[in-house]
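Coordinates from upload-v3.tsv are shown below (TSV, C-alpha atoms).
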chain	number	residue	atom	x	y	z
A	1	MET	CA	192.41	-15.24	86.55
A	2	LYS	CA	188.66	-14.85	86.43
A	3	ASP	CA	188.26	-17.28	89.29
A	4	GLN	CA	190.70	-15.27	91.42
A	5	LEU	CA	188.72	-12.04	90.86
A	6	THR	CA	185.50	-13.76	91.73
A	7	SER	CA	187.04	-15.01	94.97
A	8	ILE	CA	188.23	-11.51	95.90
A	9	ASP	CA	184.78	-10.03	95.22
A	10	ILE	CA	183.16	-12.65	97.44
A	11	ASN	CA	185.59	-11.93	100.27
A	12	MET	CA	184.94	-8.20	100.00
A	13	LEU	CA	181.21	-8.79	100.17
A	14	ASP	CA	181.59	-11.01	103.22
A	15	ASN	CA	183.69	-8.34	104.96
A	16	LYS	CA	181.04	-5.71	104.25
A	17	LYS	CA	178.36	-7.97	105.68
A	18	LEU	CA	180.39	-8.40	108.85
A	19	THR	CA	181.37	-4.72	109.15
A	20	ALA	CA	177.85	-3.29	108.93
A	21	PRO	CA	176.39	-5.18	111.93
A	22	LEU	CA	179.56	-4.54	113.91
A	23	PHE	CA	179.35	-0.79	113.24
A	24	LEU	CA	175.67	-0.77	114.25
A	25	LEU	CA	176.49	-2.64	117.47
A	26	VAL	CA	179.17	-0.10	118.38
A	27	VAL	CA	176.79	2.84	117.78
A	28	ILE	CA	174.09	1.27	119.92
A	29	SER	CA	176.57	0.51	122.68
A	30	ILE	CA	177.85	4.09	122.73
A	31	GLY	CA	174.29	5.36	122.99
A	32	ARG	CA	173.45	3.05	125.88
A	33	ILE	CA	176.46	3.99	128.00
A	34	GLU	CA	175.78	7.74	127.68
A	35	ALA	CA	174.20	7.88	131.12
A	36	PHE	CA	175.67	11.13	132.53
A	37	PRO	CA	177.24	9.59	135.66
A	38	ASN	CA	178.46	13.03	136.77
A	39	GLY	CA	175.02	14.62	137.08
A	40	ALA	CA	172.10	15.79	135.00
A	41	PRO	CA	172.93	18.05	132.03
A	42	SER	CA	171.44	21.51	131.65
A	43	SER	CA	169.26	20.17	128.84
A	44	ALA	CA	167.29	18.22	131.48
A	45	CYS	CA	166.13	21.40	133.26
A	46	THR	CA	162.98	21.81	131.18
A	47	THR	CA	161.57	18.29	131.22
A	48	MET	CA	163.54	16.91	134.19
A	49	SER	CA	163.88	13.72	132.16
A	50	PRO	CA	167.22	11.90	132.01
A	51	VAL	CA	169.03	11.82	128.65
A	52	HIS	CA	170.48	8.34	128.33
A	53	GLY	CA	171.11	8.18	124.61
A	54	TYR	CA	169.47	5.52	122.47
A	55	PRO	CA	167.30	3.61	122.73
A	56	ARG	CA	165.12	6.03	124.71
A	57	PHE	CA	163.09	4.56	127.56
A	58	PRO	CA	159.81	5.98	128.90
A	59	PRO	CA	159.55	7.01	132.57
A	60	GLN	CA	157.94	4.67	135.07
A	61	VAL	CA	154.24	5.07	135.80
A	62	THR	CA	154.24	2.87	138.90
A	63	PRO	CA	154.57	4.47	142.36
A	64	SER	CA	158.14	5.52	143.03
A	65	PRO	CA	160.10	3.65	145.72
A	66	PHE	CA	161.84	6.98	146.42
A	67	GLN	CA	160.38	10.05	148.08
A	68	THR	CA	161.36	13.64	148.84
A	69	GLU	CA	160.49	14.25	152.48
A	70	ILE	CA	160.28	17.55	154.39
A	71	PRO	CA	161.01	16.88	158.09
A	72	ALA	CA	159.74	20.36	159.13
A	73	GLY	CA	156.27	19.61	157.81
A	74	GLU	CA	153.77	21.72	155.90
A	75	TYR	CA	154.78	25.14	157.28
A	76	ALA	CA	158.07	27.07	157.30
A	77	LEU	CA	159.06	30.55	158.41
A	78	MET	CA	159.63	33.22	155.80
A	79	ASP	CA	163.28	33.48	154.66
A	80	LYS	CA	164.28	30.31	156.54
A	81	ALA	CA	166.01	27.34	154.89
A	82	VAL	CA	164.12	24.07	154.51
A	83	ARG	CA	165.79	20.68	154.78
A	84	LEU	CA	164.95	18.05	152.16
A	85	GLU	CA	165.59	14.32	152.46
A	86	LEU	CA	165.72	12.36	149.20
A	87	ARG	CA	165.35	8.82	150.46
A	88	SER	CA	164.48	5.26	149.54
A	89	GLN	CA	161.29	3.84	151.02
A	90	ASN	CA	162.78	0.38	151.54
A	91	GLU	CA	166.18	-1.22	152.05
A	92	MET	CA	166.17	-3.00	148.69
A	93	SER	CA	165.68	0.06	146.45
A	94	LYS	CA	168.58	2.38	145.64
A	95	PHE	CA	168.89	5.28	143.22
A	96	LYS	CA	171.97	6.32	141.27
A	97	GLY	CA	170.93	9.72	139.96
A	98	PHE	CA	168.58	12.56	140.89
A	99	LEU	CA	167.51	16.05	139.89
A	100	VAL	CA	165.51	18.22	142.30
A	101	MET	CA	163.97	21.67	141.85
A	102	ALA	CA	161.44	23.84	143.70
A	103	PHE	CA	158.35	25.40	142.11
A	104	ASP	CA	155.64	27.74	143.33
A	105	LYS	CA	152.42	25.76	143.58
A	106	ASN	CA	150.66	28.18	141.24
A	107	ASN	CA	153.47	28.44	138.67
A	108	ASP	CA	155.44	25.39	137.56
A	109	ALA	CA	157.05	27.09	134.57
A	110	GLN	CA	160.23	28.21	136.35
A	111	PRO	CA	162.10	26.95	139.43
A	112	ILE	CA	162.50	29.32	142.37
A	113	GLY	CA	164.83	29.67	145.35
A	114	THR	CA	168.39	28.51	145.87
A	115	PHE	CA	169.82	25.16	146.93
A	116	GLN	CA	172.83	24.64	149.15
A	117	LEU	CA	175.37	21.92	148.48
A	118	PRO	CA	173.77	18.48	149.00
A	119	SER	CA	175.33	15.73	151.09
A	120	ASP	CA	176.04	13.68	147.95
A	121	GLY	CA	175.83	15.79	144.83
A	122	LYS	CA	176.34	19.24	143.32
A	123	LEU	CA	174.44	22.37	142.34
A	124	MET	CA	173.47	23.55	138.88
A	125	ASN	CA	171.87	26.57	137.22
A	126	CYS	CA	168.60	26.01	135.42
A	127	THR	CA	167.94	29.75	135.20
A	128	ALA	CA	170.37	32.64	134.91
A	129	ASP	CA	172.71	33.12	137.87
A	130	ALA	CA	170.72	30.96	140.29
A	131	LEU	CA	171.70	27.67	141.89
A	132	ASP	CA	168.10	26.52	141.63
A	133	ALA	CA	168.68	22.79	141.09
A	134	ALA	CA	170.66	19.99	142.69
A	135	THR	CA	171.84	16.77	141.06
A	136	HIS	CA	174.16	13.82	141.70
A	137	THR	CA	177.93	13.91	141.25
A	138	PHE	CA	178.57	10.19	140.88
A	139	ASN	CA	176.30	7.34	139.84
A	140	ASN	CA	176.96	5.31	142.98
A	141	GLU	CA	173.98	3.68	144.68
A	142	LYS	CA	172.24	5.92	147.21
A	143	GLN	CA	169.48	5.52	149.78
A	144	LEU	CA	169.55	9.01	151.32
A	145	VAL	CA	170.65	12.45	150.15
A	146	THR	CA	170.02	15.58	152.21
A	147	VAL	CA	169.96	19.11	150.85
A	148	GLU	CA	168.75	22.52	152.07
A	149	TRP	CA	166.73	24.99	150.04
A	150	ILE	CA	166.47	28.74	150.69
A	151	PRO	CA	163.27	30.50	149.52
A	152	PRO	CA	163.29	33.83	147.67
A	153	MET	CA	163.51	36.89	149.89
A	154	ASN	CA	160.20	37.73	151.63
A	155	TYR	CA	158.51	34.79	149.90
A	156	LEU	CA	155.06	34.07	151.33
A	157	GLY	CA	153.63	31.33	149.20
A	158	THR	CA	153.41	27.57	148.82
A	159	VAL	CA	156.22	25.57	147.25
A	160	VAL	CA	156.38	22.02	145.89
A	161	PHE	CA	159.63	20.14	145.37
A	162	ARG	CA	159.84	17.94	142.26
A	163	THR	CA	162.50	15.25	142.01
A	164	THR	CA	163.51	12.87	139.24
A	165	TYR	CA	165.00	9.63	140.55
A	166	VAL	CA	167.14	7.38	138.31
A	167	GLN	CA	167.58	3.76	139.33
A	168	ASN	CA	169.27	2.65	136.12
A	169	VAL	CA	169.37	3.55	132.44
A	170	SER	CA	165.88	2.17	131.76
A	171	THR	CA	164.18	2.69	135.16
A	172	PHE	CA	163.48	6.20	136.40
A	173	TRP	CA	160.66	8.32	137.84
A	174	VAL	CA	160.18	11.89	136.61
A	175	LYS	CA	158.94	14.85	138.69
A	176	THR	CA	157.85	13.01	141.81
A	177	GLU	CA	156.28	15.60	144.15
A	178	SER	CA	156.83	16.34	147.81
A	179	ILE	CA	154.18	17.66	150.16
A	180	ALA	CA	153.31	21.33	149.69
A	181	VAL	CA	155.17	23.65	152.09
A	182	SER	CA	153.65	27.05	152.93
A	183	PHE	CA	155.94	29.89	154.00
A	184	VAL	CA	154.36	32.09	156.65
A	185	ALA	CA	155.31	34.94	158.99
A	186	ASP	CA	154.31	32.88	162.04
A	187	ILE	CA	154.01	29.12	162.40
A	188	PRO	CA	150.42	28.20	163.35
A	189	THR	CA	150.06	26.25	166.57
A	190	ALA	CA	149.74	22.51	166.22
A	191	ASN	CA	146.62	22.34	168.46
A	192	PRO	CA	144.74	25.65	168.39
A	193	SER	CA	142.62	26.33	171.49
A	194	GLN	CA	138.99	25.43	171.11
A	195	PRO	CA	136.36	28.11	171.94
A	196	SER	CA	134.72	27.57	175.30
A	197	VAL	CA	131.17	26.29	175.16
A	198	ALA	CA	128.72	26.98	178.00
A	199	VAL	CA	126.96	23.84	179.14
A	200	THR	CA	123.32	24.40	180.16
A	201	GLN	CA	121.73	21.85	182.44
A	202	PRO	CA	118.18	20.96	181.47
A	203	THR	CA	115.40	22.06	183.87
A	204	VAL	CA	113.48	19.14	185.40
A	205	ALA	CA	109.87	19.82	186.46
A	206	ASN	CA	108.73	18.57	189.86
A	207	THR	CA	106.59	15.50	189.38
A	208	PRO	CA	105.08	13.28	192.08
A	209	ASN	CA	108.08	11.03	191.83
A	210	SER	CA	110.55	13.90	191.80
A	211	ALA	CA	108.95	16.10	194.52
A	212	PRO	CA	111.37	17.26	197.23
A	213	HIS	CA	111.55	14.96	200.25
A	214	PRO	CA	110.58	16.39	203.64
A	215	SER	CA	113.35	17.08	206.12
A	216	THR	CA	113.97	15.06	209.33
A	217	GLY	CA	112.47	17.84	211.46
A	218	SER	CA	109.23	17.57	209.53
A	219	PHE	CA	108.99	13.86	210.37
A	220	ILE	CA	109.50	14.51	214.14
A	221	TRP	CA	106.91	17.29	214.23
A	222	ALA	CA	104.40	15.11	212.40
A	223	GLY	CA	104.97	12.31	214.93
A	224	LEU	CA	104.36	14.58	217.90
A	225	MET	CA	101.17	15.87	216.37
A	226	ALA	CA	99.94	12.33	215.77
A	227	ALA	CA	100.65	11.34	219.40
A	228	ALA	CA	98.83	14.37	220.73
A	229	THR	CA	95.84	13.61	218.57
A	230	SER	CA	95.73	10.04	219.86
A	231	LEU	CA	95.69	11.24	223.48
A	232	LEU	CA	92.77	13.50	222.76
A	233	LEU	CA	90.81	10.58	221.39
A	234	ILE	CA	91.35	8.30	224.47
A	235	PRO	CA	88.35	8.40	226.94
A	236	SER	CA	89.03	10.03	230.31
A	237	ARG	CA	88.53	6.74	232.20
A	238	GLN	CA	91.27	5.05	230.25
A	239	ILE	CA	93.48	8.02	230.98
A	240	GLN	CA	92.93	7.51	234.75
A	241	LEU	CA	93.83	3.85	234.43
A	242	LEU	CA	96.94	4.69	232.55
A	243	ALA	CA	97.86	7.19	235.24
Take the structure I supplied and represent it as C-alpha cells, if you would.
Amino acid sequence: MKDQLTSIDINMLDNKKLTAPLFLLVVISIGRIEAFPNGAPSSACTTMSPVHGYPRFPPQVTPSPFQTEIPAGEYALMDKAVRLELRSQNEMSKFKGFLVMAFDKNNDAQPIGTFQLPSDGKLMNCTADALDAATHTFNNEKQLVTVEWIPPMNYLGTVVFRTTYVQNVSTFWVKTESIAVSFVADIPTANPSQPSVAVTQPTVANTPNSAPHPSTGSFIWAGLMAAATSLLLIPSRQIQLLA
C-alpha cells in the first residue's frame, strides 16, 4: 500500500513538471501572436510604437527601407490636400503595418489635420473627433500605400509627417520623418528671376601699340606729298631730260 502511494505521488510530481513548462509556452505564444493585424490600437497614438505583446522588441536604429514621400514637394497651397506615398525603397522590402500622423514642425505634442481614406488601410482618431491618423487594415505585405491629408483651415505653417513602419513582429521603424512641407498663400516660383546686372567695359588707354590706325585717305595724301617733295628736289636739267 505504501509503495502504491509513493508511485502516485511521483506521477503527480511528473505531471506538474510537465504542466508548468507547457503553460509557460502557451502564455508566451499568445503574447507573440498579439500583433494587431487589423491596424494600430489607440494606445499607440502617443508613442507610435507597435504593441506586439511579449517579449517586447526595441525599434530599429538602422535606416528604414521605407519612406513617406510628398510628390508635390516642399510647398503646398493653404487649405489644399496633400498626397502622401508610403512606399518601399526597394523591391525586396515590404511592410505589413503602418501608422502615420502629421505634426506642426514647432509642436510635436499633438497631431493636426485630417486624413482621407488610404488606398490600403483605415482612419483612426488620436484626438477627440478628428481623423488625424491612418493605419493598416490587414497585415498583408505592402510596397505602396497612398493617402491624402487635409491641413487645418487657414493653416500657414510647416508640417512634418511621421510614419511607423512594421515589417514583422520584431522589425519595425518608429516615427520616420518625411520632408517638411510649408503651406503658403502662393507657391513660390521654381526659378525666380535674377536681378539684372549692368556690365561695364573697362577703359583702355591709348598706348603706342594701341594708337588708332590712320585711314586709307591719309595714306594716299601722304604719298602725294612725298612725290611732290621729290620733284622739288630734282635739278631742273634732269627735269628737262625727263620731259
Just checking: using only C-alpha atoms, which residue out of A:Asn125, A:Thr46, A:Ser119, A:Thr171 ends up closest to Lys94 (chain A)?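 Looking only at the distances to Lys94 (chain A), the closest residue turns out to be A:Thr171.
The gap separating CA of Thr68 (chain A) from CA of Lys122 (chain A) is 16.9 Å, in Å to one decimal.
Among A:Lys96, A:Arg87, A:Arg56, A:Lys105, the residue with the shortest atom-to-atom distance to Val159 (chain A), counting only C-alpha atoms, is A:Lys105.
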At what distance in Å, to one decimal, does CA of Ile179 (chain A) lie from CA of Phe103 (chain A)?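 These two atoms are separated by 11.9 Å.
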Go through A:Asn90, A:Phe36, A:Glu85, A:Ala72 one by one, measure the shortest atom-to-atom distance of each to Val181 (chain A) using all atoms listed in the file, and give the residue with the smallest value.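 With all atoms listed in the file as the atom set, the closest residue is A:Ala72.
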Work out how far apart CA of Leu131 (chain A) and CA of Val61 (chain A) are and give it in Å to one decimal.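 Atom-to-atom, CA of Leu131 (chain A) to CA of Val61 (chain A), that is 29.2 Å.
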Option closest in space to Ala40 (chain A), from A:Leu86, A:Ile187, A:Ala109, A:Leu99 [counting only C-alpha atoms]: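 Of A:Leu86, A:Ile187, A:Ala109, A:Leu99, the one nearest Ala40 (chain A) is A:Leu99, counting only C-alpha atoms.
Restricting the calculation to only C-alpha atoms, the smallest distance between Met78 (chain A) and any of A:Thr163, A:Thr158, A:Thr176, A:Asn107 is found for A:Thr158.
If you measure from each of A:Val174, A:Ala130, A:Val160, A:Met153 to Asp79 (chain A) using only C-alpha atoms, the closest one turns out to be A:Met153.
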Would you pick out the contacts of Gln110 (chain A) at 10 Å or less, using all atoms listed in the file, so that residues sharing its chain but fewer than 3 positions from it are not included, and give the list as a PyMOL selection string? chain A and resi 45-46+101-104+107+126-127+132
As a ChimeraX atom specification, please: the residues near Pro71 (chain A) (cut-off 7 Å, all atoms listed in the file, same-chain neighbours under 2 positions excluded). /A:69,73,83
If I put a ball of radius 9 Å at (156.3, 26.9, 157.5) in the file's coordinates, which residues poke into it when counting all atoms listed in the file, written as a PyMOL selection string? chain A and resi 72-78+80+82+181-188
